[in-house]
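Taking it in order: structure first as structure tokens, then the write-up.
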Amino acid sequence: MIDLHCHTRYSDGSASLQDVLEMASRRGVQVLAITDHDTMAGCAPAVEMGKKLGIQIVPGVEISTKDPERGRKVHILCYAPKYPEVLEPLLSATLSSRMSAAREAMEVVSSLYPVTAEMIRRHAEGSTCVYKQHMMYALMDAGCADTIFGETFRSLFNSKTGPAYRSVQYPDVYTALDTVHKAGGKAVLAHPSEYNSMDLLESLCEQNLLDGIEVYHPRNREEDREKMLRLAAEYDLAVTGGTDFHGFYTTRKNPVGTCITAQAEFDRLFDHERK
């Protein structure tokens, strides 16, 4: 079983790296990609833990980007970069912007609810940044919310009306893809349905900028799958699958290994030579 999309406490997952790998082992996952948001901090320790558990770890990262033409978020999965240091300036800039936004958001949350920024930071221990999920977890502990992504989350973080919403500066998708390939990594468009990126997907395929498409994902729409598969076949791209595991920092139940990649497609991804 191959799962190529998984988050840990190094970003916005609720489970520690050790626990994620233990769960993957018990679920029968043989190959697991660690793809935390905008950081590869967990990859090296994951490789060592994986050896003890008999799991092949694919070092990766999910890069947050923006489609400059359409103004939408886009996530790019980068796998096995040969020169990860090439990615570092891009990733660091995003984390810095995200942390700046989080500090401002924590001030707002602390002014509205009986939690402090320090309480929130304790819920973010082990992460490379403070995420909205950590703020919501602190509010749940304080009895001010009963779920992560519920009414309180929407009232605080709505992009138009939320008092705690702060924008984060992301690189454009083309800069990110260029950086991934300069780093010797494989680039896969993550969950094209989630941010309505089907038109972007077609454009990226035509420009030969992708190595694969994440077709099997919990939040991809069923009606988009046929087009994804058609594009993958037309442009000789790998068809990947990943759970996008976040533990309980998610809106649905999806244990590691829920969405998987076929062995032949895994081989295609890493044998793929860009024309």
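Here's how to read the names in the structure tokens: chain A, B, ... by the order shown, residue numbers from 1 in each chain, ligand numbers from 1 in the order shown.
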
Checklist entry - Could you name the residues that touch Ala33 (chain A) at 7 Å or less, counting only C-alpha atoms, but leaving out those on the same chain fewer than 3 positions away, as an NGL selection string? => result :A and (3-6 or 57-60)

N, CA and C atoms of the current selection, written as a tab-separated table (two decimals), in the first residue's frame:
chain	number	residue	atom	x	y	z
A	3	ASP	N	0.81	5.43	0.17
A	3	ASP	CA	0.07	6.66	0.48
A	3	ASP	C	1.04	7.83	0.31
A	4	LEU	N	0.75	8.71	-0.64
A	4	LEU	CA	1.70	9.77	-0.99
A	4	LEU	C	1.28	11.17	-0.51
A	5	HIS	N	0.51	11.24	0.58
A	5	HIS	CA	0.12	12.56	1.09
A	5	HIS	C	-0.23	12.44	2.57
A	6	CYS	N	0.65	12.94	3.43
A	6	CYS	CA	0.44	12.77	4.86
A	6	CYS	C	1.07	13.93	5.63
A	57	ILE	N	10.00	5.55	3.32
A	57	ILE	CA	9.57	6.94	3.42
A	57	ILE	C	10.01	7.71	2.19
A	58	VAL	N	9.06	8.40	1.58
A	58	VAL	CA	9.37	9.30	0.47
A	58	VAL	C	9.42	10.72	1.05
A	59	PRO	N	10.59	11.35	1.08
A	59	PRO	CA	10.65	12.73	1.60
A	59	PRO	C	9.90	13.67	0.66
A	60	GLY	N	9.06	14.51	1.24
A	60	GLY	CA	8.28	15.41	0.40
A	60	GLY	C	7.85	16.65	1.15

Would you mind writing down, as a PDB file with N, CA and C atoms, in the first residue's frame, each residue of region 56-176 of chain A that DSSP on the backbone assigns to strand (DSSP E)?
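Listed below is the output, result.pdb:
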ATOM      1  N   GLN A  56       8.944   2.326   3.691  1.00  0.00           N
ATOM      2  CA  GLN A  56       9.755   3.190   2.841  1.00  0.00           C
ATOM      3  C   GLN A  56       9.187   4.605   2.904  1.00  0.00           C
ATOM      4  N   ILE A  57      10.001   5.547   3.320  1.00  0.00           N
ATOM      5  CA  ILE A  57       9.567   6.941   3.424  1.00  0.00           C
ATOM      6  C   ILE A  57      10.012   7.708   2.186  1.00  0.00           C
ATOM      7  N   VAL A  58       9.064   8.402   1.580  1.00  0.00           N
ATOM      8  CA  VAL A  58       9.370   9.304   0.472  1.00  0.00           C
ATOM      9  C   VAL A  58       9.421  10.716   1.050  1.00  0.00           C
ATOM     10  N   PRO A  59      10.586  11.352   1.082  1.00  0.00           N
ATOM     11  CA  PRO A  59      10.654  12.731   1.597  1.00  0.00           C
ATOM     12  C   PRO A  59       9.896  13.669   0.664  1.00  0.00           C
ATOM     13  N   GLY A  60       9.062  14.510   1.238  1.00  0.00           N
ATOM     14  CA  GLY A  60       8.281  15.410   0.403  1.00  0.00           C
ATOM     15  C   GLY A  60       7.854  16.652   1.148  1.00  0.00           C
ATOM     16  N   VAL A  61       7.117  17.497   0.455  1.00  0.00           N
ATOM     17  CA  VAL A  61       6.587  18.726   1.038  1.00  0.00           C
ATOM     18  C   VAL A  61       5.399  19.164   0.195  1.00  0.00           C
ATOM     19  N   GLU A  62       4.383  19.684   0.858  1.00  0.00           N
ATOM     20  CA  GLU A  62       3.247  20.276   0.147  1.00  0.00           C
ATOM     21  C   GLU A  62       3.457  21.788   0.134  1.00  0.00           C
ATOM     22  N   ILE A  63       3.651  22.330  -1.052  1.00  0.00           N
ATOM     23  CA  ILE A  63       3.998  23.738  -1.199  1.00  0.00           C
ATOM     24  C   ILE A  63       2.738  24.557  -1.460  1.00  0.00           C
ATOM     25  N   SER A  64       2.517  25.551  -0.619  1.00  0.00           N
ATOM     26  CA  SER A  64       1.372  26.448  -0.774  1.00  0.00           C
ATOM     27  C   SER A  64       1.718  27.501  -1.822  1.00  0.00           C
ATOM     28  N   THR A  65       0.876  27.636  -2.835  1.00  0.00           N
ATOM     29  CA  THR A  65       1.129  28.613  -3.896  1.00  0.00           C
ATOM     30  C   THR A  65      -0.173  29.298  -4.294  1.00  0.00           C
ATOM     31  N   LYS A  66      -0.039  30.231  -5.225  1.00  0.00           N
ATOM     32  CA  LYS A  66      -1.212  30.933  -5.735  1.00  0.00           C
ATOM     33  C   LYS A  66      -1.192  30.912  -7.255  1.00  0.00           C
ATOM     34  N   ASP A  67      -2.364  30.758  -7.840  1.00  0.00           N
ATOM     35  CA  ASP A  67      -2.533  30.859  -9.288  1.00  0.00           C
ATOM     36  C   ASP A  67      -2.690  32.338  -9.617  1.00  0.00           C
ATOM     37  N   ARG A  72      -6.515  31.928  -7.184  1.00  0.00           N
ATOM     38  CA  ARG A  72      -6.897  30.836  -6.286  1.00  0.00           C
ATOM     39  C   ARG A  72      -5.670  30.214  -5.638  1.00  0.00           C
ATOM     40  N   LYS A  73      -5.907  29.567  -4.488  1.00  0.00           N
ATOM     41  CA  LYS A  73      -4.849  28.777  -3.872  1.00  0.00           C
ATOM     42  C   LYS A  73      -4.552  27.557  -4.734  1.00  0.00           C
ATOM     43  N   VAL A  74      -3.302  27.125  -4.720  1.00  0.00           N
ATOM     44  CA  VAL A  74      -2.885  25.906  -5.414  1.00  0.00           C
ATOM     45  C   VAL A  74      -1.856  25.210  -4.536  1.00  0.00           C
ATOM     46  N   HIS A  75      -1.990  23.908  -4.367  1.00  0.00           N
ATOM     47  CA  HIS A  75      -1.006  23.156  -3.599  1.00  0.00           C
ATOM     48  C   HIS A  75      -0.229  22.228  -4.532  1.00  0.00           C
ATOM     49  N   ILE A  76       1.084  22.297  -4.427  1.00  0.00           N
ATOM     50  CA  ILE A  76       1.964  21.439  -5.210  1.00  0.00           C
ATOM     51  C   ILE A  76       2.677  20.472  -4.283  1.00  0.00           C
ATOM     52  N   LEU A  77       2.576  19.195  -4.590  1.00  0.00           N
ATOM     53  CA  LEU A  77       3.316  18.175  -3.845  1.00  0.00           C
ATOM     54  C   LEU A  77       4.666  17.964  -4.527  1.00  0.00           C
ATOM     55  N   CYS A  78       5.720  18.150  -3.756  1.00  0.00           N
ATOM     56  CA  CYS A  78       7.077  17.908  -4.250  1.00  0.00           C
ATOM     57  C   CYS A  78       7.592  16.648  -3.583  1.00  0.00           C
ATOM     58  N   TYR A  79       8.078  15.714  -4.387  1.00  0.00           N
ATOM     59  CA  TYR A  79       8.588  14.447  -3.860  1.00  0.00           C
ATOM     60  C   TYR A  79      10.076  14.280  -4.151  1.00  0.00           C
TER      61      TYR A  79
END

Next on the checklist: Set the distance at 7 Å and use only C-alpha atoms: which residues neighbour Thr243 (chain A) once local chain neighbours fewer than 5 positions away are removed? I'd like the list as a PyMOL selection string.
Outcome noted: chain A and resi 3+5-6+217-218+254+256-259

Checklist entry - What is the distance between CA of Ser110 (chain A) and CA of Glu125 (chain A), in Å to one decimal? => result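 Interatomic distance, CA of Ser110 (chain A) to CA of Glu125 (chain A): 18.1 Å.
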
Checklist outcome for this item: Nearest to Gly212 (chain A), restricted to only C-alpha atoms and choosing among A:Thr261, A:Ser14, A:Ser111, A:Thr8, comes out as A:Thr261

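CA of Glu85 (chain A) to CA of Asp236 (chain A) spans 28.5 Å [interatomic distance, one decimal].
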
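For the pair CA of Arg70 (chain A) and CA of Ser203 (chain A), the interatomic distance is 12.0 Å.
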
Checklist entry - So which one's closest to Glu48 (chain A), A:Leu21, A:Tyr10, A:Ala232, A:Phe153? Using only C-alpha atoms, please. => result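 Closest candidate: A:Leu21.
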
Next on the checklist: Please determine, counting only C-alpha atoms, which residue among A:Asp12, A:Glu226, A:Glu265, A:Asp172 has the shortest atom-to-atom distance to Ser127 (chain A).
Outcome noted: A:Asp12

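Counting only C-alpha atoms, the residue from A:Pro255, A:Pro84, A:Gly185, A:Pro89 that sits nearest to His7 (chain A) is A:Pro255.
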
Excluding region 99-107 of chain A and residues on its chain fewer than 4 positions from it, collect all residues at most 8 Å away from it, counting only C-alpha atoms, and give them as a CSV table (one decimal) with C-alpha atoms, in the first residue's frame.
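What landed in out-v2.csv:
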chain,number,residue,atom,x,y,z
A,95,LEU,CA,6.5,30.1,6.9
A,111,SER,CA,-8.9,39.6,22.9
A,116,THR,CA,-3.6,33.5,25.8
A,117,ALA,CA,-1.1,33.4,22.9
A,120,ILE,CA,-2.1,28.6,21.7
A,129,CYS,CA,4.4,27.3,12.6
A,130,VAL,CA,1.2,28.2,14.4
A,131,TYR,CA,-1.9,27.2,12.4
A,132,LYS,CA,-5.6,28.0,12.8
A,135,MET,CA,-5.9,28.2,17.9
A,164,ALA,CA,-8.8,37.0,13.0
A,165,TYR,CA,-8.4,36.3,9.3
A,166,ARG,CA,-5.0,37.5,8.0
A,167,SER,CA,-3.7,36.7,4.5
A,168,VAL,CA,-0.5,34.8,3.9

Next on the checklist: Considering only C-alpha atoms, can you say which of A:His134, A:His123, A:Lys51, A:Arg219 comes closest to His191 (chain A)?
Outcome noted: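 Nearest candidate to His191 (chain A) out of A:His134, A:His123, A:Lys51, A:Arg219: A:Arg219.
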
Checklist entry - Which is closer to Leu200 (chain A) than all the others in A:Thr94, A:Gly71, A:His246, A:Glu118, using only C-alpha atoms? => result A:Gly71

Skipping near chain neighbours, those fewer than 6 positions away, what residues fall within 9 Å of Pro114 (chain A) using only C-alpha atoms, listed as a CSV table (one decimal) with C-alpha atoms, in the first residue's frame?
chain,number,residue,atom,x,y,z
A,139,LEU,CA,-10.5,27.3,22.2
A,142,ALA,CA,-11.2,26.5,27.0
A,144,CYS,CA,-15.3,28.0,23.8
